[in-house]
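Visitor: Dropping in data-v2.csv, with CSV, C-alpha atoms.
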```
chain,number,residue,atom,x,y,z
A,1225,MET,CA,-4.3,149.1,-59.2
A,1226,SER,CA,-2.5,152.4,-59.8
A,1227,PHE,CA,1.2,152.9,-59.0
A,1228,VAL,CA,0.3,155.6,-56.4
A,1229,LEU,CA,-2.2,153.4,-54.7
A,1230,LYS,CA,0.3,150.5,-54.7
A,1231,VAL,CA,2.9,152.8,-53.1
A,1232,ARG,CA,0.5,154.0,-50.5
A,1233,LEU,CA,-0.7,150.5,-49.6
A,1234,GLN,CA,2.9,149.3,-49.4
A,1235,ASP,CA,3.9,152.3,-47.2
A,1236,HIS,CA,0.9,151.6,-45.0
A,1237,ALA,CA,2.0,147.9,-44.7
A,1238,ASP,CA,5.5,149.0,-44.0
A,1239,LEU,CA,4.3,151.3,-41.3
A,1240,MET,CA,2.2,148.7,-39.6
A,1241,ASP,CA,5.0,146.1,-39.7
A,1242,SER,CA,7.4,148.7,-38.3
A,1243,GLN,CA,5.0,149.7,-35.5
A,1244,ASN,CA,4.4,146.0,-34.6
A,1245,ALA,CA,8.1,145.3,-34.6
A,1246,ASP,CA,8.7,148.4,-32.4
A,1247,GLN,CA,6.0,147.5,-30.0
A,1248,PHE,CA,7.4,144.0,-29.6
A,1249,LEU,CA,10.9,145.4,-28.9
A,1250,VAL,CA,9.4,147.8,-26.3
A,1251,ASP,CA,7.6,145.0,-24.6
A,1252,GLN,CA,10.7,142.9,-24.5
A,1253,ILE,CA,12.8,145.8,-23.2
A,1254,ARG,CA,10.3,146.4,-20.4
A,1255,SER,CA,10.9,142.8,-19.3
A,1256,GLY,CA,14.7,143.5,-19.2
A,1257,ASP,CA,15.7,141.8,-22.5
A,1258,GLU,CA,19.2,143.1,-23.4
A,1259,GLY,CA,19.0,141.7,-26.9
A,1260,ALA,CA,15.9,143.7,-27.7
A,1261,TRP,CA,17.5,146.8,-26.4
A,1262,ARG,CA,20.5,146.3,-28.6
A,1263,GLN,CA,18.2,145.8,-31.6
A,1264,LEU,CA,16.4,149.0,-30.9
A,1265,ILE,CA,19.7,150.9,-30.7
A,1266,ASP,CA,20.9,149.4,-34.0
A,1267,ARG,CA,17.6,150.3,-35.6
A,1268,TYR,CA,17.4,154.0,-34.7
A,1269,GLU,CA,20.9,155.2,-33.9
A,1270,GLY,CA,21.9,156.0,-37.4
A,1271,ARG,CA,18.9,158.3,-38.2
A,1272,LEU,CA,19.1,160.0,-34.8
A,1273,THR,CA,22.8,160.7,-35.2
A,1274,ALA,CA,22.2,162.0,-38.7
A,1275,PHE,CA,19.5,164.4,-37.4
A,1276,ALA,CA,21.7,165.6,-34.5
A,1277,ARG,CA,24.8,165.9,-36.7
A,1278,MET,CA,23.0,168.6,-38.8
A,1279,ARG,CA,22.5,170.6,-35.6
A,1280,THR,CA,25.7,170.3,-33.7
A,1281,ALA,CA,29.2,171.5,-34.0
A,1282,SER,CA,30.9,168.1,-34.1
A,1283,LEU,CA,30.2,164.4,-34.5
A,1284,ALA,CA,31.2,163.9,-30.9
A,1285,ASP,CA,28.5,166.3,-29.7
A,1286,ALA,CA,25.9,164.5,-31.9
A,1287,GLU,CA,26.9,161.1,-30.6
A,1288,ASP,CA,26.8,162.3,-27.0
A,1289,LEU,CA,23.2,163.7,-27.5
A,1290,VAL,CA,22.1,160.4,-29.1
A,1291,GLN,CA,23.5,158.4,-26.2
A,1292,GLU,CA,21.7,160.7,-23.7
A,1293,SER,CA,18.5,160.3,-25.7
A,1294,PHE,CA,18.6,156.5,-25.5
A,1295,VAL,CA,19.2,156.7,-21.8
A,1296,GLY,CA,16.3,159.2,-21.6
A,1297,PHE,CA,14.1,156.8,-23.4
A,1298,LEU,CA,14.7,154.1,-20.8
A,1299,GLN,CA,14.2,156.5,-18.0
A,1300,SER,CA,10.8,157.7,-19.5
A,1301,LEU,CA,9.7,154.3,-20.8
A,1302,ARG,CA,6.8,154.0,-18.3
A,1303,HIS,CA,5.3,157.1,-19.9
A,1304,TYR,CA,5.7,155.9,-23.5
A,1305,ASP,CA,2.3,155.9,-25.3
A,1306,SER,CA,2.3,153.3,-28.0
A,1307,ARG,CA,-0.2,155.3,-30.0
A,1308,ARG,CA,2.8,157.4,-31.0
A,1309,THR,CA,5.4,155.8,-33.2
A,1310,LEU,CA,8.6,154.9,-31.5
A,1311,GLU,CA,10.6,156.9,-34.0
A,1312,THR,CA,8.6,160.0,-33.3
A,1313,TYR,CA,9.1,159.5,-29.5
A,1314,LEU,CA,12.9,159.0,-29.9
A,1315,PHE,CA,13.2,162.1,-32.1
A,1316,THR,CA,11.2,164.1,-29.5
A,1317,ILE,CA,13.6,163.1,-26.8
A,1318,LEU,CA,16.5,164.1,-29.0
A,1319,ARG,CA,15.0,167.5,-29.8
A,1320,TYR,CA,14.6,168.1,-26.1
A,1321,LYS,CA,18.3,167.2,-25.6
A,1322,LEU,CA,19.3,169.5,-28.4
A,1323,CYS,CA,17.3,172.4,-26.9
A,1324,ASP,CA,18.7,171.7,-23.5
A,1325,GLN,CA,22.2,171.9,-24.8
A,1326,LEU,CA,21.4,175.2,-26.4
A,1327,ARG,CA,20.0,176.6,-23.2
A,1328,LYS,CA,23.2,175.5,-21.3
A,1329,ARG,CA,25.2,177.4,-23.8
A,1330,LYS,CA,22.9,180.4,-23.5
A,1331,ILE,CA,21.6,180.1,-27.0
A,1332,VAL,CA,17.8,180.5,-27.3
A,1333,PRO,CA,16.3,177.6,-29.4
A,1334,LEU,CA,14.1,178.8,-32.2
A,1335,ASN,CA,11.5,176.0,-32.0
A,1336,PRO,CA,11.6,174.2,-28.6
A,1337,PRO,CA,9.6,170.9,-28.5
A,1338,ALA,CA,6.1,171.5,-27.3
A,1339,ASP,CA,5.9,168.0,-25.7
A,1340,ALA,CA,9.3,168.1,-24.0
A,1341,GLU,CA,7.8,168.1,-20.5
A,1342,ASP,CA,5.1,166.1,-18.8
A,1343,TRP,CA,2.2,168.0,-17.3
A,1344,TRP,CA,3.4,167.6,-13.8
A,1345,ASP,CA,6.7,169.3,-14.7
A,1346,ARG,CA,4.9,172.5,-15.6
A,1347,ILE,CA,3.5,173.1,-12.1
A,1348,MET,CA,5.3,176.1,-10.7
A,1349,PRO,CA,5.5,177.1,-7.0
A,1350,GLY,CA,2.6,179.4,-6.1
A,1351,THR,CA,0.4,178.5,-9.1
A,1352,THR,CA,-3.3,178.3,-8.5
A,1353,ASP,CA,-3.6,175.4,-10.9
A,1354,THR,CA,-4.1,172.0,-9.4
A,1355,PRO,CA,-2.4,168.9,-10.7
A,1356,SER,CA,-5.8,167.4,-11.6
A,1357,GLY,CA,-6.8,170.5,-13.5
A,1358,ILE,CA,-3.5,170.7,-15.4
A,1359,ALA,CA,-3.8,166.9,-16.2
A,1360,ALA,CA,-7.4,167.4,-17.4
A,1361,GLU,CA,-6.3,170.3,-19.6
A,1362,ALA,CA,-3.4,168.3,-21.0
A,1363,GLU,CA,-5.7,165.3,-21.7
A,1364,SER,CA,-8.2,167.5,-23.5
A,1365,ARG,CA,-5.5,169.2,-25.6
A,1366,THR,CA,-4.0,165.8,-26.5
A,1367,ALA,CA,-7.4,164.4,-27.5
A,1368,PHE,CA,-8.1,167.4,-29.7
A,1369,GLU,CA,-4.7,167.3,-31.4
A,1370,SER,CA,-5.1,163.6,-32.0
A,1371,MET,CA,-8.5,164.2,-33.6
A,1372,LEU,CA,-7.1,167.0,-35.7
A,1373,ALA,CA,-4.1,164.9,-36.8
A,1374,ASP,CA,-6.6,162.2,-38.0
A,1375,LEU,CA,-8.5,164.9,-40.0
A,1376,LEU,CA,-5.3,166.2,-41.6
A,1377,ARG,CA,-4.2,162.6,-42.5
A,1378,ARG,CA,-7.6,162.2,-44.2
A,1379,LEU,CA,-7.0,165.4,-46.1
A,1380,ILE,CA,-3.5,164.4,-47.1
A,1381,HIS,CA,-4.5,160.9,-48.2
A,1382,ASP,CA,-7.4,162.4,-50.2
A,1383,MET,CA,-5.0,164.7,-52.1
A,1384,ARG,CA,-2.6,161.8,-52.7
A,1385,ASP,CA,-5.3,159.5,-54.0
A,1386,ARG,CA,-6.5,162.2,-56.4
A,1387,ASN,CA,-2.9,162.9,-57.5
A,1388,ALA,CA,-3.4,166.5,-56.3
A,1389,PHE,CA,0.2,166.8,-55.3
A,1390,ASP,CA,0.3,170.5,-56.4
A,1391,ASP,CA,-2.3,171.3,-53.9
A,1392,LEU,CA,-0.5,169.2,-51.2
A,1393,GLN,CA,2.7,171.2,-51.9
A,1394,VAL,CA,0.8,174.4,-51.3
A,1395,ILE,CA,-0.8,173.4,-48.0
A,1396,GLU,CA,2.5,171.8,-46.8
A,1397,LEU,CA,4.3,175.1,-47.3
A,1398,VAL,CA,1.5,177.0,-45.6
A,1399,PHE,CA,0.8,174.7,-42.7
A,1400,PHE,CA,4.2,172.9,-42.2
A,1401,LYS,CA,6.6,175.7,-43.1
A,1402,GLY,CA,4.3,178.6,-42.0
A,1403,MET,CA,5.0,180.5,-45.2
A,1404,ARG,CA,2.8,183.5,-46.4
A,1405,ASN,CA,0.6,183.1,-49.4
A,1406,LEU,CA,2.7,185.5,-51.5
A,1407,ASP,CA,5.9,183.7,-50.7
A,1408,VAL,CA,4.4,180.3,-51.5
A,1409,GLY,CA,3.1,181.7,-54.8
A,1410,ASN,CA,6.5,183.1,-55.7
A,1411,LEU,CA,8.3,179.8,-54.8
A,1412,LEU,CA,5.9,177.6,-56.7
A,1413,GLY,CA,5.3,180.0,-59.6
A,1414,ILE,CA,1.6,180.5,-59.1
A,1415,ASP,CA,-0.6,183.4,-58.2
A,1416,GLN,CA,-1.1,184.1,-54.5
A,1417,LYS,CA,-4.9,184.1,-55.1
A,1418,ALA,CA,-4.6,180.5,-56.3
A,1419,VAL,CA,-2.6,179.8,-53.1
A,1420,ALA,CA,-5.3,181.4,-51.0
A,1421,GLY,CA,-8.0,179.4,-52.8
A,1422,ILE,CA,-6.2,176.1,-52.2
A,1423,LYS,CA,-5.7,177.0,-48.5
A,1424,PHE,CA,-9.4,178.1,-48.1
A,1425,ARG,CA,-10.6,174.8,-49.7
A,1426,ALA,CA,-8.3,172.8,-47.4
A,1427,ILE,CA,-9.7,174.5,-44.3
A,1428,ARG,CA,-13.3,174.1,-45.5
A,1429,ARG,CA,-12.6,170.4,-46.1
A,1430,LEU,CA,-11.2,170.0,-42.6
A,1431,GLN,CA,-14.2,171.8,-41.3
A,1432,LYS,CA,-16.4,169.4,-43.2
A,1433,PHE,CA,-14.5,166.4,-41.8
A,1434,LEU,CA,-14.9,167.9,-38.3
A,1435,GLU,CA,-18.7,168.3,-38.8
A,1436,GLU,CA,-19.0,164.7,-39.9
A,1437,ARG,CA,-17.5,163.7,-36.6
A,1438,ASP,CA,-20.2,165.7,-34.8
A,1439,GLU,CA,-17.4,167.6,-32.9
A,1440,PRO,CA,-18.4,171.0,-31.4
A,1441,ALA,CA,-15.0,172.6,-32.1
A,1442,ALA,CA,-14.5,174.8,-35.2
A,1443,LEU,CA,-11.5,175.6,-37.2
A,1444,THR,CA,-11.2,179.3,-37.9
A,1445,ASP,CA,-8.6,180.6,-40.3
A,1446,THR,CA,-6.3,181.7,-37.5
A,1447,GLU,CA,-6.7,178.4,-35.6
A,1448,ALA,CA,-5.9,176.5,-38.7
A,1449,ASP,CA,-2.7,178.6,-39.2
A,1450,VAL,CA,-1.5,178.0,-35.7
A,1451,THR,CA,-2.9,174.7,-34.4
A,1452,VAL,CA,-2.7,172.8,-37.7
A,1453,ALA,CA,1.0,173.9,-38.2
A,1454,ARG,CA,2.0,172.6,-34.8
A,1455,VAL,CA,0.2,169.3,-35.1
A,1456,TRP,CA,1.5,168.8,-38.7
A,1457,GLN,CA,5.1,169.3,-37.4
A,1458,GLU,CA,4.8,167.2,-34.3
A,1459,ARG,CA,2.9,164.3,-35.9
A,1460,ARG,CA,5.1,164.4,-39.0
A,1461,LEU,CA,2.1,164.0,-41.2
A,1462,THR,CA,3.8,164.1,-44.6
A,1463,CYS,CA,7.1,162.4,-43.5
A,1464,LEU,CA,8.1,159.8,-46.0
A,1465,LYS,CA,8.5,156.1,-45.3
A,1466,ARG,CA,12.0,154.7,-45.4
A,1467,SER,CA,10.9,152.4,-48.3
A,1468,THR,CA,9.9,155.5,-50.3
A,1469,LEU,CA,13.1,157.2,-49.5
A,1470,GLY,CA,15.1,154.1,-50.4
A,1471,SER,CA,13.3,153.9,-53.8
A,1472,TYR,CA,13.9,157.7,-54.3
A,1473,LEU,CA,17.7,157.4,-53.6
A,1474,LEU,CA,17.9,154.4,-55.9
A,1475,GLY,CA,16.3,156.4,-58.7
A,1476,ILE,CA,13.4,153.9,-59.1
A,1477,LEU,CA,10.6,155.9,-57.6
A,1478,GLU,CA,8.1,156.9,-60.3
A,1479,ASP,CA,6.2,160.2,-60.7
A,1480,PRO,CA,4.2,161.8,-59.1
A,1481,TRP,CA,5.8,160.4,-56.0
A,1482,ASN,CA,9.3,161.1,-57.2
A,1483,SER,CA,8.5,164.8,-57.9
A,1484,TYR,CA,6.8,165.1,-54.5
A,1485,THR,CA,9.7,163.5,-52.7
A,1486,LEU,CA,12.1,165.8,-54.4
A,1487,PHE,CA,9.9,168.8,-53.2
A,1488,HIS,CA,9.6,167.4,-49.7
A,1489,MET,CA,13.4,166.9,-49.4
A,1490,ASP,CA,14.7,170.0,-51.2
A,1491,VAL,CA,12.0,172.6,-50.7
A,1492,VAL,CA,10.3,171.7,-47.5
A,1493,ALA,CA,13.7,170.3,-46.2
A,1494,CYS,CA,12.0,168.1,-43.7
A,1495,PRO,CA,14.7,167.5,-41.1
A,1496,MET,CA,13.6,164.0,-40.1
A,1497,CYS,CA,13.3,162.8,-43.7
A,1498,LEU,CA,16.7,164.3,-44.5
A,1499,ALA,CA,18.1,162.5,-41.5
A,1500,ASN,CA,16.5,159.2,-42.6
A,1501,ALA,CA,17.8,159.7,-46.1
A,1502,GLU,CA,21.3,160.5,-44.9
A,1503,ASP,CA,21.2,157.3,-42.7
A,1504,LEU,CA,20.2,155.2,-45.8
A,1505,LYS,CA,23.0,156.7,-47.8
A,1506,MET,CA,25.5,155.9,-45.2
A,1507,GLU,CA,24.2,152.3,-44.9
A,1508,GLU,CA,24.4,151.9,-48.7
A,1509,ALA,CA,27.9,153.2,-48.8
A,1510,ASP,CA,28.8,151.0,-45.9
A,1511,ASP,CA,31.2,153.6,-44.5
A,1512,GLN,CA,29.2,154.6,-41.4
A,1513,GLU,CA,31.0,154.3,-38.1
A,1514,ARG,CA,28.4,153.9,-35.4
A,1515,SER,CA,28.8,154.0,-31.7
A,1516,SER,CA,26.1,151.4,-30.9
A,1517,ASP,CA,28.6,149.4,-28.8
A,1518,SER,CA,29.3,152.4,-26.6
A,1519,ILE,CA,25.6,153.4,-26.4
A,1520,PHE,CA,24.6,149.8,-25.4
A,1521,ALA,CA,27.3,149.5,-22.8
A,1522,SER,CA,26.5,152.9,-21.2
A,1523,SER,CA,22.8,152.4,-21.2
A,1524,VAL,CA,22.2,148.7,-20.5
A,1525,GLY,CA,22.5,149.3,-16.8
A,1526,PHE,CA,19.3,151.3,-16.8
A,1527,LEU,CA,17.5,148.3,-18.2
A,1528,SER,CA,17.6,146.4,-15.0
A,1529,ARG,CA,16.0,149.4,-13.2
A,1530,ILE,CA,13.0,149.5,-15.4
A,1531,SER,CA,12.4,145.8,-15.5
A,1532,LYS,CA,12.1,145.5,-11.7
A,1533,PRO,CA,8.5,145.2,-10.5
```
When written as structure tokens, how does the structure in this file appear?
Guide:
Amino acid sequence: MSFVLKVRLQDHADLMDSQNADQFLVDQIRSGDEGAWRQLIDRYEGRLTAFARMRTASLADAEDLVQESFVGFLQSLRHYDSRRTLETYLFTILRYKLCDQLRKRKIVPLNPPADAEDWWDRIMPGTTDTPSGIAAEAESRTAFESMLADLLRRLIHDMRDRNAFDDLQVIELVFFKGMRNLDVGNLLGIDQKAVAGIKFRAIRRLQKFLEERDEPAALTDTEADVTVARVWQERRLTCLKRSTLGSYLLGILEDPWNSYTLFHMDVVACPMCLANAEDLKMEEADDQERSSDSIFASSVGFLSRISKP
């Protein structure tokens, strides 16, 4: 079995173990288990704080936002969809809190989270849309985005299995970063026609995957640029597992994964992976001062509210 395949299988196993553990914690929290709530805070506070710290003026601001995010998680727990990873859900809440802070300070956020509101929050006075119509539209959009995310994961896994990491770098810059073909070519040192060819083949392959599912929708070039970019960002399709990041930081990750990880961290500058890596560094150095006691004390009161029938 090749090293790449071993890494991928291990990462998949790690993901499944993590999701199963997260679901167990969520189930226990729903029943009012304070110990499970403390475990969840300990598990995710570090990476959330690292993410917020890169976007706030002070550590105090970051810690306040993380605390608000955990409270927000409890308040919205009945809406949590276990098909999304718990980490993604928590990061989404934190992104909303960050954007809300910018709005209060009269700073317009560059990339507000698309899923920061539930569909009923978008019904404005005087609108001709009905709640059922808006709900149906949201459900249809979510179903399409989930289907598209599955197709993109298939494309990404196919490239990884073939060791086509050069092609993956191109489409990640195009779809995830939204860069122009010329800029991608200049950055990677290849002709922009080669970039266009890789992009075209990726879109055609997605179209083929779509046809195999017998889906009526089609991916035009424009739709691929816009819709794929948003799904890629929100579903974190190329985010690295913490086990991979840990191996990378220890200097034991082998190529081609090591080179790709370096690209994903330094060139793509994925904010969530950078936050996870920073959290791991702080854990390794054992000099991280977390506020989990404060978060637990300030949020545990909400637990009794959600556990009541």
Visitor: One decimal, Å: what's the distance from atom CA of Gln1431 of chain A over to atom CA of Ser1364 of chain A, could you say?
Guide: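 That distance, rounded to one decimal, is 19.3 Å.
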Visitor: Have a look at atom CA of Ala1274 of chain A and atom CA of Leu1318 of chain A and let me know their distance in Å, one decimal.
Guide: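 It comes out at 11.4 Å.
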Visitor: Can you measure atom CA of Ser1523 of chain A to atom CA of Leu1272 of chain A for me? One decimal in Å is fine.
Guide: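 Distance reported for this atom pair: 16.0 Å.
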Visitor: In terms of the shortest atom-to-atom distance over only C-alpha atoms, which of A:Arg1302, A:Arg1262, A:Arg1454, A:Arg1271 is closest to Gly1402 of chain A?
Guide: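 So, comparing all the options, the nearest one is A:Arg1454.
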Visitor: Between A:Ala1281, A:Ala1245, A:Val1250, A:Leu1326, which is the closest to Asp1305 of chain A once you count only C-alpha atoms?
Guide: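 Among A:Ala1281, A:Ala1245, A:Val1250, A:Leu1326, it is A:Val1250 that comes nearest to Asp1305 of chain A.
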Visitor: Which residues, written as a ChimeraX atom specification, have at least one atom at most 9 Å from Thr1485 of chain A, with all atoms listed in the file counted and residues fewer than 2 positions away on the same chain left out?
Guide: /A:1464,1468-1469,1472,1480-1483,1487-1490
Visitor: Find the spatial neighbours of segment 1263-1266 of chain A, counting only C-alpha atoms, within a cut-off of 7 Å - ignore same-chain residues fewer than 3 positions away - and output them as a list of chain:residue names.
Guide: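 Neighbouring residues, sequence-local ones excluded: A:Leu1249, A:Gly1259, A:Ala1260, A:Glu1269, A:Ser1516.
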Visitor: Please provide the set of residues having any atom within 10 Å of Leu1473 of chain A, restricted to all atoms listed in the file, with same-chain residues fewer than 6 positions apart removed, written as a VMD selection string.
Guide: chain A and resid 1467 1482 1501 to 1502 1504 to 1505 1508
Visitor: Write out as a PyMOL selection string each polymer residue whose atoms come within 10 Å of Tyr1268 of chain A, counting all atoms listed in the file; drop sequence neighbours fewer than 6 positions from it.
Guide: chain A and resi 1290+1294+1310-1311+1314-1315+1500+1503+1516
Visitor: Pick out the residues sitting within 7 Å of segment 1413-1428 of chain A, and hand them over as a PyMOL selection string; count only C-alpha atoms, and ignore anything fewer than 5 positions along from it in its own chain.
Guide: chain A and resi 1391+1394-1395+1405-1406
Visitor: Could you check the closest approach to Leu1397 of chain A for each of A:Val1524, A:Val1455, A:Cys1494, A:Leu1372 and tell me which residue wins, using all atoms listed in the file?
Guide: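 Distance minimum relative to Leu1397 of chain A lands on A:Cys1494.
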Visitor: Taking all atoms listed in the file into account, produce a table as a Markdown table in which each residue of segment 1394-1508 of chain A with an atom at most 9 Å from an atom of segment 1373-1386 of chain A appears once, together with its shortest atom pair and the distance in Å to one decimal, ordered by chain and rising number.
Guide:
```
| residue | atom | partner | partner_atom | distance |
| --- | --- | --- | --- | --- |
| A:Ala1426 | CA | A:Leu1379 | CA | 7.6 |
| A:Arg1429 | CA | A:Leu1379 | CA | 7.5 |
| A:Leu1430 | CA | A:Leu1375 | CA | 6.3 |
| A:Phe1433 | CA | A:Leu1375 | CA | 6.4 |
| A:Leu1434 | CA | A:Leu1375 | CA | 7.3 |
| A:Val1452 | CA | A:Ala1373 | CA | 8.1 |
| A:Val1455 | CA | A:Ala1373 | CA | 6.4 |
| A:Trp1456 | CA | A:Ala1373 | CA | 7.1 |
| A:Arg1459 | CA | A:Ala1373 | CA | 7.1 |
| A:Leu1461 | CA | A:Arg1377 | CA | 6.6 |
| A:Thr1462 | CA | A:Ile1380 | CA | 7.7 |
```
